[in-house]
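What's in work-v2.cif: mmCIF, C-alpha atoms and all ligand atoms
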```cif
data_structure
#
loop_
_atom_site.group_PDB
_atom_site.id
_atom_site.type_symbol
_atom_site.label_atom_id
_atom_site.label_comp_id
_atom_site.auth_asym_id
_atom_site.auth_seq_id
_atom_site.Cartn_x
_atom_site.Cartn_y
_atom_site.Cartn_z
ATOM 1 C CA MET C 1 -13.019 -61.472 -155.600
ATOM 2 C CA ARG C 2 -9.415 -61.013 -154.495
ATOM 3 C CA ALA C 3 -8.252 -58.306 -152.108
ATOM 4 C CA THR C 4 -6.269 -56.539 -154.830
ATOM 5 C CA GLU C 5 -9.338 -56.438 -157.104
ATOM 6 C CA ILE C 6 -11.430 -54.992 -154.274
ATOM 7 C CA GLN C 7 -8.772 -52.307 -153.636
ATOM 8 C CA ALA C 8 -9.054 -51.251 -157.283
ATOM 9 C CA ASP C 9 -12.796 -50.634 -156.803
ATOM 10 C CA LEU C 10 -12.189 -48.144 -153.979
ATOM 11 C CA SER C 11 -11.000 -44.616 -154.552
ATOM 12 C CA GLU C 12 -10.326 -43.653 -150.939
ATOM 13 C CA ILE C 13 -10.595 -44.991 -147.382
ATOM 14 C CA LEU C 14 -12.837 -42.510 -145.570
ATOM 15 C CA VAL C 15 -13.114 -43.938 -142.073
ATOM 16 C CA THR C 16 -10.971 -46.739 -140.696
ATOM 17 C CA GLU C 17 -12.175 -49.598 -138.511
ATOM 18 C CA GLU C 18 -10.117 -48.174 -135.662
ATOM 19 C CA GLN C 19 -11.826 -44.778 -135.955
ATOM 20 C CA ILE C 20 -15.241 -46.453 -136.134
ATOM 21 C CA LEU C 21 -14.686 -48.536 -132.997
ATOM 22 C CA ALA C 22 -13.368 -45.533 -131.048
ATOM 23 C CA LYS C 23 -16.393 -43.487 -132.107
ATOM 24 C CA LEU C 24 -18.860 -46.234 -131.186
ATOM 25 C CA ASP C 25 -17.243 -46.488 -127.724
ATOM 26 C CA GLU C 26 -17.744 -42.745 -127.311
ATOM 27 C CA LEU C 27 -21.381 -42.902 -128.473
ATOM 28 C CA ALA C 28 -22.063 -45.903 -126.222
ATOM 29 C CA LEU C 29 -20.926 -43.902 -123.179
ATOM 30 C CA ARG C 30 -23.301 -41.073 -124.100
ATOM 31 C CA VAL C 31 -26.179 -43.484 -124.698
ATOM 32 C CA ALA C 32 -25.473 -45.275 -121.407
ATOM 33 C CA ASP C 33 -25.672 -41.934 -119.602
ATOM 34 C CA ASP C 34 -28.808 -40.771 -121.392
ATOM 35 C CA TYR C 35 -30.718 -44.031 -120.851
ATOM 36 C CA ALA C 36 -29.632 -44.921 -117.316
ATOM 37 C CA GLY C 37 -32.567 -46.625 -115.591
ATOM 38 C CA LYS C 38 -34.681 -46.604 -118.743
ATOM 39 C CA ASP C 39 -36.133 -49.464 -120.750
ATOM 40 C CA LEU C 40 -34.082 -49.157 -123.946
ATOM 41 C CA ILE C 41 -34.575 -51.194 -127.098
ATOM 42 C CA LEU C 42 -32.152 -51.078 -130.027
ATOM 43 C CA VAL C 43 -33.726 -51.320 -133.457
ATOM 44 C CA GLY C 44 -31.356 -52.057 -136.315
ATOM 45 C CA VAL C 45 -32.207 -51.428 -139.925
ATOM 46 C CA LEU C 46 -31.198 -54.388 -142.065
ATOM 47 C CA LYS C 47 -28.944 -55.069 -143.646
ATOM 48 C CA GLY C 48 -26.565 -52.120 -143.600
ATOM 49 C CA ALA C 49 -26.654 -51.584 -139.833
ATOM 50 C CA VAL C 50 -25.568 -55.118 -138.906
ATOM 51 C CA MET C 51 -21.931 -54.219 -138.230
ATOM 52 C CA VAL C 52 -22.779 -50.968 -136.429
ATOM 53 C CA MET C 53 -25.237 -52.823 -134.201
ATOM 54 C CA ALA C 54 -22.759 -55.595 -133.428
ATOM 55 C CA ASP C 55 -20.011 -53.229 -132.335
ATOM 56 C CA PHE C 56 -22.225 -50.606 -130.714
ATOM 57 C CA ALA C 57 -24.213 -53.139 -128.656
ATOM 58 C CA ARG C 58 -20.965 -54.651 -127.376
ATOM 59 C CA ALA C 59 -19.644 -51.206 -126.448
ATOM 60 C CA LEU C 60 -22.700 -50.565 -124.251
ATOM 61 C CA PRO C 61 -22.020 -51.222 -120.555
ATOM 62 C CA PHE C 62 -25.465 -52.853 -120.091
ATOM 63 C CA HIS C 63 -27.651 -55.152 -122.146
ATOM 64 C CA ALA C 64 -30.455 -53.829 -124.253
ATOM 65 C CA PRO C 65 -32.792 -55.968 -126.356
ATOM 66 C CA MET C 66 -32.213 -55.847 -130.107
ATOM 67 C CA ASP C 67 -34.793 -56.008 -132.814
ATOM 68 C CA TRP C 68 -34.515 -55.665 -136.573
ATOM 69 C CA MET C 69 -36.486 -54.150 -139.339
ATOM 70 C CA ALA C 70 -35.862 -54.588 -143.041
ATOM 71 C CA VAL C 71 -37.014 -51.942 -145.457
ATOM 72 C CA SER C 72 -36.534 -51.642 -149.178
ATOM 73 C CA SER C 73 -33.141 -50.227 -150.053
ATOM 74 C CA TYR C 74 -31.275 -49.070 -153.105
ATOM 75 C CA GLY C 75 -30.869 -52.493 -154.692
ATOM 76 C CA ALA C 76 -28.330 -52.138 -157.459
ATOM 77 C CA SER C 77 -28.743 -48.378 -157.753
ATOM 78 C CA THR C 78 -26.933 -45.650 -155.814
ATOM 79 C CA LYS C 79 -29.854 -43.222 -155.361
ATOM 80 C CA SER C 80 -32.680 -43.316 -152.815
ATOM 81 C CA SER C 81 -36.148 -43.641 -154.320
ATOM 82 C CA GLY C 82 -37.925 -42.390 -151.197
ATOM 83 C CA VAL C 83 -40.370 -45.255 -151.643
ATOM 84 C CA VAL C 84 -40.103 -47.362 -148.518
ATOM 85 C CA GLN C 85 -41.412 -50.873 -148.264
ATOM 86 C CA ILE C 86 -41.338 -53.088 -145.166
ATOM 87 C CA ARG C 87 -39.611 -56.368 -145.999
ATOM 88 C CA LYS C 88 -39.402 -57.586 -142.407
ATOM 89 C CA ASP C 89 -41.274 -56.037 -139.532
ATOM 90 C CA LEU C 90 -40.244 -55.875 -135.865
ATOM 91 C CA ASP C 91 -40.997 -58.751 -133.496
ATOM 92 C CA THR C 92 -41.415 -56.327 -130.576
ATOM 93 C CA ASP C 93 -44.316 -54.151 -129.530
ATOM 94 C CA LEU C 94 -42.841 -50.639 -129.234
ATOM 95 C CA ASN C 95 -45.651 -49.285 -127.088
ATOM 96 C CA GLY C 96 -44.135 -47.471 -124.083
ATOM 97 C CA LYS C 97 -40.557 -48.333 -125.056
ATOM 98 C CA HIS C 98 -37.538 -46.079 -125.421
ATOM 99 C CA VAL C 99 -36.378 -46.820 -128.957
ATOM 100 C CA LEU C 100 -32.940 -46.164 -130.361
ATOM 101 C CA ILE C 101 -32.807 -46.707 -134.108
ATOM 102 C CA VAL C 102 -29.365 -47.906 -135.176
ATOM 103 C CA GLU C 103 -28.501 -46.966 -138.742
ATOM 104 C CA ASP C 104 -25.491 -47.235 -140.991
ATOM 105 C CA ILE C 105 -25.994 -44.002 -142.890
ATOM 106 C CA ILE C 106 -28.316 -41.068 -143.342
ATOM 107 C CA ASP C 107 -28.140 -40.019 -146.976
ATOM 108 C CA SER C 108 -31.262 -38.243 -148.266
ATOM 109 C CA GLY C 109 -32.930 -39.002 -144.926
ATOM 110 C CA LEU C 110 -36.062 -40.253 -146.694
ATOM 111 C CA THR C 111 -35.910 -43.774 -145.287
ATOM 112 C CA LEU C 112 -35.456 -42.604 -141.711
ATOM 113 C CA SER C 113 -38.119 -39.938 -141.839
ATOM 114 C CA TRP C 114 -40.540 -42.622 -142.967
ATOM 115 C CA LEU C 115 -39.356 -44.982 -140.214
ATOM 116 C CA LEU C 116 -39.638 -42.303 -137.535
ATOM 117 C CA GLU C 117 -43.248 -41.593 -138.476
ATOM 118 C CA ASN C 118 -43.992 -45.292 -138.570
ATOM 119 C CA PHE C 119 -42.498 -45.874 -135.101
ATOM 120 C CA GLU C 120 -44.299 -42.869 -133.629
ATOM 121 C CA SER C 121 -47.594 -44.384 -134.696
ATOM 122 C CA ARG C 122 -46.724 -47.514 -132.677
ATOM 123 C CA GLY C 123 -46.729 -45.571 -129.423
ATOM 124 C CA ALA C 124 -43.043 -45.578 -128.498
ATOM 125 C CA GLU C 125 -42.281 -43.532 -125.360
ATOM 126 C CA SER C 126 -39.250 -41.967 -127.055
ATOM 127 C CA ILE C 127 -37.419 -42.428 -130.351
ATOM 128 C CA GLU C 128 -33.859 -41.379 -131.084
ATOM 129 C CA VAL C 129 -31.474 -42.168 -133.915
ATOM 130 C CA LEU C 130 -27.875 -43.320 -133.913
ATOM 131 C CA ALA C 131 -26.207 -43.246 -137.319
ATOM 132 C CA LEU C 132 -22.593 -44.119 -137.956
ATOM 133 C CA LEU C 133 -22.450 -41.895 -141.039
ATOM 134 C CA ARG C 134 -24.326 -38.884 -142.302
ATOM 135 C CA LYS C 135 -24.133 -36.987 -145.604
ATOM 136 C CA PRO C 136 -25.246 -33.459 -144.660
ATOM 137 C CA GLU C 137 -25.146 -32.195 -148.239
ATOM 138 C CA ALA C 138 -27.445 -34.942 -149.503
ATOM 139 C CA ALA C 139 -30.270 -34.255 -147.019
ATOM 140 C CA LYS C 140 -33.708 -33.953 -148.606
ATOM 141 C CA VAL C 141 -35.457 -33.926 -145.254
ATOM 142 C CA VAL C 142 -34.119 -32.820 -141.893
ATOM 143 C CA ILE C 143 -33.596 -35.706 -139.490
ATOM 144 C CA ASP C 144 -33.043 -35.038 -135.843
ATOM 145 C CA CYS C 145 -30.224 -37.519 -135.266
ATOM 146 C CA LYS C 146 -28.964 -37.378 -131.687
ATOM 147 C CA TYR C 147 -25.958 -39.675 -132.103
ATOM 148 C CA VAL C 148 -23.880 -39.222 -135.261
ATOM 149 C CA GLY C 149 -20.571 -40.933 -135.897
ATOM 150 C CA PHE C 150 -19.096 -39.093 -138.865
ATOM 151 C CA ASP C 151 -20.292 -36.472 -141.316
ATOM 152 C CA ILE C 152 -19.023 -37.380 -144.774
ATOM 153 C CA PRO C 153 -19.197 -35.985 -148.330
ATOM 154 C CA THR C 154 -21.939 -37.126 -150.723
ATOM 155 C CA ASP C 155 -19.898 -39.805 -152.553
ATOM 156 C CA PHE C 156 -21.292 -43.330 -152.524
ATOM 157 C CA VAL C 157 -19.540 -45.306 -149.803
ATOM 158 C CA VAL C 158 -19.192 -49.002 -149.034
ATOM 159 C CA GLY C 159 -17.823 -51.210 -146.294
ATOM 160 C CA TYR C 160 -18.611 -51.892 -142.631
ATOM 161 C CA GLY C 161 -22.075 -53.159 -143.608
ATOM 162 C CA LEU C 162 -22.642 -50.823 -146.525
ATOM 163 C CA ASP C 163 -22.935 -52.542 -149.869
ATOM 164 C CA PHE C 164 -23.154 -51.926 -153.546
ATOM 165 C CA ASP C 165 -25.256 -54.689 -155.084
ATOM 166 C CA GLU C 166 -24.525 -56.879 -152.014
ATOM 167 C CA ARG C 167 -20.765 -56.485 -152.406
ATOM 168 C CA TYR C 168 -18.174 -54.840 -150.133
ATOM 169 C CA ARG C 169 -20.272 -55.221 -146.935
ATOM 170 C CA ASN C 170 -17.523 -57.187 -145.245
ATOM 171 C CA LEU C 171 -14.826 -54.543 -145.662
ATOM 172 C CA ARG C 172 -13.634 -53.380 -142.265
ATOM 173 C CA ASP C 173 -13.238 -49.726 -143.217
ATOM 174 C CA VAL C 174 -15.652 -47.334 -144.911
ATOM 175 C CA ALA C 175 -14.410 -46.393 -148.369
ATOM 176 C CA VAL C 176 -15.554 -44.362 -151.352
ATOM 177 C CA LEU C 177 -16.632 -46.626 -154.197
ATOM 178 C CA ALA C 178 -14.780 -45.762 -157.395
ATOM 179 C CA PRO C 179 -17.237 -44.368 -159.978
ATOM 180 C CA HIS C 180 -16.070 -46.879 -162.614
ATOM 181 C CA VAL C 181 -17.796 -49.634 -160.606
ATOM 182 C CA TYR C 182 -21.305 -48.230 -160.967
ATOM 183 C CA SER C 183 -21.200 -46.015 -164.058
HETATM 184 P P1 LIG C 201 -31.569 -42.440 -147.472
HETATM 185 O O1 LIG C 201 -31.171 -41.739 -148.742
HETATM 186 O O2 LIG C 201 -33.022 -42.768 -147.480
HETATM 187 O O3 LIG C 201 -30.734 -43.781 -147.444
HETATM 188 O O4 LIG C 201 -31.164 -41.626 -146.272
HETATM 189 C C1 LIG C 201 -31.337 -44.997 -147.211
HETATM 190 C C2 LIG C 201 -30.419 -46.182 -147.165
HETATM 191 O O5 LIG C 201 -29.684 -46.253 -148.360
HETATM 192 C C3 LIG C 201 -28.452 -46.825 -148.129
HETATM 193 N N1 LIG C 201 -27.392 -45.876 -148.522
HETATM 194 C C4 LIG C 201 -26.152 -46.233 -148.883
HETATM 195 N N2 LIG C 201 -25.598 -47.456 -148.976
HETATM 196 N N3 LIG C 201 -23.568 -46.446 -149.624
HETATM 197 C C5 LIG C 201 -24.302 -47.553 -149.357
HETATM 198 O O6 LIG C 201 -23.769 -48.651 -149.456
HETATM 199 C C6 LIG C 201 -24.045 -45.184 -149.543
HETATM 200 O O7 LIG C 201 -23.326 -44.213 -149.800
HETATM 201 C C7 LIG C 201 -25.426 -45.073 -149.152
HETATM 202 N N4 LIG C 201 -26.253 -44.021 -148.964
HETATM 203 C C8 LIG C 201 -27.423 -44.559 -148.580
HETATM 204 C C9 LIG C 201 -28.376 -47.123 -146.656
HETATM 205 O O8 LIG C 201 -28.751 -48.443 -146.373
HETATM 206 C C10 LIG C 201 -29.388 -46.160 -146.080
HETATM 207 O O9 LIG C 201 -29.876 -46.603 -144.836
HETATM 208 MG MG MG C 202 -29.533 -48.641 -144.007
#
```
Output the file's structure as C-alpha cells, nothing else.
Amino acid sequence: MRATEIQADLSEILVTEEQILAKLDELALRVADDYAGKDLILVGVLKGAVMVMADFARALPFHAPMDWMAVSSYGASTKSSGVVQIRKDLDTDLNGKHVLIVEDIIDSGLTLSWLLENFESRGAESIEVLALLRKPEAAKVVIDCKYVGFDIPTDFVVGYGLDFDERYRNLRDVAVLAPHVYS
C-alpha cells in the first residue's frame, strides 16, 4: 500500500508521534519515581503495545525486565467481544513482583479487567496499568489505570501499534480510521 492510499483511509490524526514520545517521557519520570528501589517488571500485551513498550522502556532511566502476553483481540472486527483467550502466556513467575502492565489502549476495559484478575491470582506484589490511550466513553468496566497517556473519543483508531486487520500498525501517529474502511 502506498502512503497516499493509507492517507485516504484515515479521517484525522489524533495524536502525533512527537506528542506520544513527550508523553511517554513524562510517564517514565513518574514511574521511575514511584518504583525507585523496587523490583519492577514490565508486561506488554501483544501485539498492540509493542511500540508503546519500545519507547516507554527506553524513556525509563533504569532497566526493568520485559515480558509479553498475547491475548485474543478483535481480529478483523472493531468491537471487543469480552471473551479473552491466552494465545501466549508469560515466561516469568509474577509471584512477589511489582507488575506494570503496558497497554496500547483501554476501550471497553474488558480485556484489562480480565488480565488484572488473572495477574492477581498469580501472586504479584502490586499491579498497575500504563495505557497510552483510553476511551472514557466506551468503558464497560471501570479500570484503575494509574498512568494514562491520552483520553480520546470512541472512534476506532489505528497507528503506533494499533491495527485494523493487521494493517496500519507501523504508522507513527495515532489516527482515526475512516469508516469506509471497515463498513
Ligand atoms: P477492550 O475493549 O477490551 O480492548 O478495552 C481490547 C483491545 O482491543 C484493541 N482495541 C483497538 N485496536 N483500535 C485498534 O486498533 C482501536 O480503536 C481499539 N480499541 C481497542 C486493543 O488491542 C485493546 O488492547
Ligand atoms: Mg492491546
- Which residues match the PyMOL selection byres (((chain C and resi 2-10) around 8) and not hetatm) in the file above, as a list in words?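 When the PyMOL selection byres (((chain C and resi 2-10) around 8) and not hetatm) is applied, the selected residues are Met1, Ser11, Glu12, Ile13, Tyr168, Ala175, Val176, Leu177, Ala178, His180 and Val181 of chain C.
For the set C:Trp114, C:Phe119, C:Trp68, C:Phe150, the residue with the smallest atom-to-atom gap to ligand LIG 201 (chain C) is C:Trp114, counting all atoms listed in the file.
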Compile a residue-level contact table for chain C against ligand MG 202 (chain C) at a cut-off of 12 Å, reporting for every qualifying residue the shortest atom pair and its distance in Å to one decimal, with all atoms listed in the file counted, rows ordered by chain and ascending number, as a Markdown table.
```
| residue | atom | partner | partner_atom | distance |
| --- | --- | --- | --- | --- |
| C:Val43 | CA | C:MG202 | MG | 11.7 |
| C:Gly44 | CA | C:MG202 | MG | 8.6 |
| C:Val45 | CA | C:MG202 | MG | 5.6 |
| C:Leu46 | CA | C:MG202 | MG | 6.3 |
| C:Lys47 | CA | C:MG202 | MG | 6.5 |
| C:Gly48 | CA | C:MG202 | MG | 4.6 |
| C:Ala49 | CA | C:MG202 | MG | 5.9 |
| C:Val50 | CA | C:MG202 | MG | 9.1 |
| C:Met51 | CA | C:MG202 | MG | 11.1 |
| C:Val52 | CA | C:MG202 | MG | 10.4 |
| C:Met53 | CA | C:MG202 | MG | 11.5 |
| C:Trp68 | CA | C:MG202 | MG | 11.4 |
| C:Met69 | CA | C:MG202 | MG | 10.0 |
| C:Ala70 | CA | C:MG202 | MG | 8.7 |
| C:Val71 | CA | C:MG202 | MG | 8.3 |
| C:Ser72 | CA | C:MG202 | MG | 9.2 |
| C:Ser73 | CA | C:MG202 | MG | 7.2 |
| C:Tyr74 | CA | C:MG202 | MG | 9.3 |
| C:Gly75 | CA | C:MG202 | MG | 11.4 |
| C:Ser80 | CA | C:MG202 | MG | 10.8 |
| C:Val84 | CA | C:MG202 | MG | 11.6 |
| C:Ile101 | CA | C:MG202 | MG | 10.6 |
| C:Val102 | CA | C:MG202 | MG | 8.9 |
| C:Glu103 | CA | C:MG202 | MG | 5.6 |
| C:Asp104 | CA | C:MG202 | MG | 5.2 |
| C:Ile105 | CA | C:MG202 | MG | 5.9 |
| C:Ile106 | CA | C:MG202 | MG | 7.7 |
| C:Asp107 | CA | C:MG202 | MG | 9.2 |
| C:Ser108 | CA | C:MG202 | MG | 11.4 |
| C:Gly109 | CA | C:MG202 | MG | 10.3 |
| C:Leu110 | CA | C:MG202 | MG | 11.0 |
| C:Thr111 | CA | C:MG202 | MG | 8.1 |
| C:Leu112 | CA | C:MG202 | MG | 8.8 |
| C:Leu115 | CA | C:MG202 | MG | 11.1 |
| C:Leu130 | CA | C:MG202 | MG | 11.5 |
| C:Ala131 | CA | C:MG202 | MG | 9.2 |
| C:Leu132 | CA | C:MG202 | MG | 10.3 |
| C:Leu133 | CA | C:MG202 | MG | 10.2 |
| C:Arg134 | CA | C:MG202 | MG | 11.2 |
| C:Val158 | CA | C:MG202 | MG | 11.5 |
| C:Tyr160 | CA | C:MG202 | MG | 11.5 |
| C:Gly161 | CA | C:MG202 | MG | 8.7 |
| C:Leu162 | CA | C:MG202 | MG | 7.7 |
| C:Asp163 | CA | C:MG202 | MG | 9.6 |
| C:Phe164 | CA | C:MG202 | MG | 11.9 |
| C:Arg169 | CA | C:MG202 | MG | 11.7 |
```
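Taking atom CA of Val141 of chain C as the reference point, atom N4 of ligand LIG 201 (chain C) is found at 14.2 Å.
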- Item | Counting all atoms listed in the file, the option among C:Leu14, C:Glu26, C:Asp39, C:Ala57 closest to ligand LIG 201 (chain C) |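 That would be C:Leu14, the residue with the smallest distance to ligand LIG 201 (chain C).
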- Task: Might you spell out which residues the PyMOL selection byres (((chain C and resi 40) around 9) and not hetatm) would select in the displayed file, as JSON, numbers by chain?
- Result: {"C": [35, 37, 38, 39, 41, 42, 63, 64, 65, 97, 98, 99, 100]}
- Query: From the set C:Ala124, C:Ala54, C:Val15, C:Leu116, which residue has the shortest atom-to-atom contact distance to Asp144 of chain C, counting all atoms listed in the file?
  - Reply: C:Leu116
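Applied to the file shown here, the PyMOL selection byres (((chain C and resi 138) around 8) and not hetatm) selects the residues Asp107, Ser108, Lys135, Pro136, Glu137, Ala139, Lys140 and Thr154 of chain C.
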Could you save the residues just selected, with C-alpha atoms, as a PDB file, in the coordinates of the input?
```pdb
ATOM      1  CA  ASP C 107     -28.140 -40.019-146.976  1.00  0.00           C
ATOM      2  CA  SER C 108     -31.262 -38.243-148.266  1.00  0.00           C
ATOM      3  CA  LYS C 135     -24.133 -36.987-145.604  1.00  0.00           C
ATOM      4  CA  PRO C 136     -25.246 -33.459-144.660  1.00  0.00           C
ATOM      5  CA  GLU C 137     -25.146 -32.195-148.239  1.00  0.00           C
ATOM      6  CA  ALA C 139     -30.270 -34.255-147.019  1.00  0.00           C
ATOM      7  CA  LYS C 140     -33.708 -33.953-148.606  1.00  0.00           C
ATOM      8  CA  THR C 154     -21.939 -37.126-150.723  1.00  0.00           C
TER       9      THR C 154
END
```
- Query: Counting only C-alpha atoms and all ligand atoms, which of C:Arg30, C:Arg122, C:Lys146, C:Arg167 gets nearest to ligand LIG 201 (chain C)?
  - Reply: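 The closest residue to ligand LIG 201 (chain C) is C:Arg167.
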- Query: Just how far from atom CA of Glu17 of chain C is atom CA of Arg87 of chain C, in Å to one decimal?
  - Reply: 29.2 Å
Let me know the centre plus edge lengths, in Å and rounded to one decimal, of a box with edges along x, y and z that contains all listed atoms of ligand LIG 201 (chain C) and is padded by 3 Å on every side, as AutoDock Vina command-line options.
```
--center_x -28.2 --center_y -45.1 --center_z -147.3 --size_x 15.7 --size_y 13.0 --size_z 11.0
```
- Could you work out how far atom CA of Leu94 of chain C lies from atom CA of Glu120 of chain C, giving the answer in Å with one decimal?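 Spanning atom CA of Glu120 of chain C to atom CA of Leu94 of chain C is a straight-line distance of 9.0 Å.
The shortest atom-to-atom distance to ligand LIG 201 (chain C), with all atoms listed in the file taken into account, belongs to C:Val83 out of C:Glu117, C:Pro61, C:Val83, C:Glu125.
Distance check against Tyr147 of chain C using all atoms listed in the file: of C:Asp173, C:Asp91, C:Asp34, C:Asp165, the minimum falls on C:Asp34.
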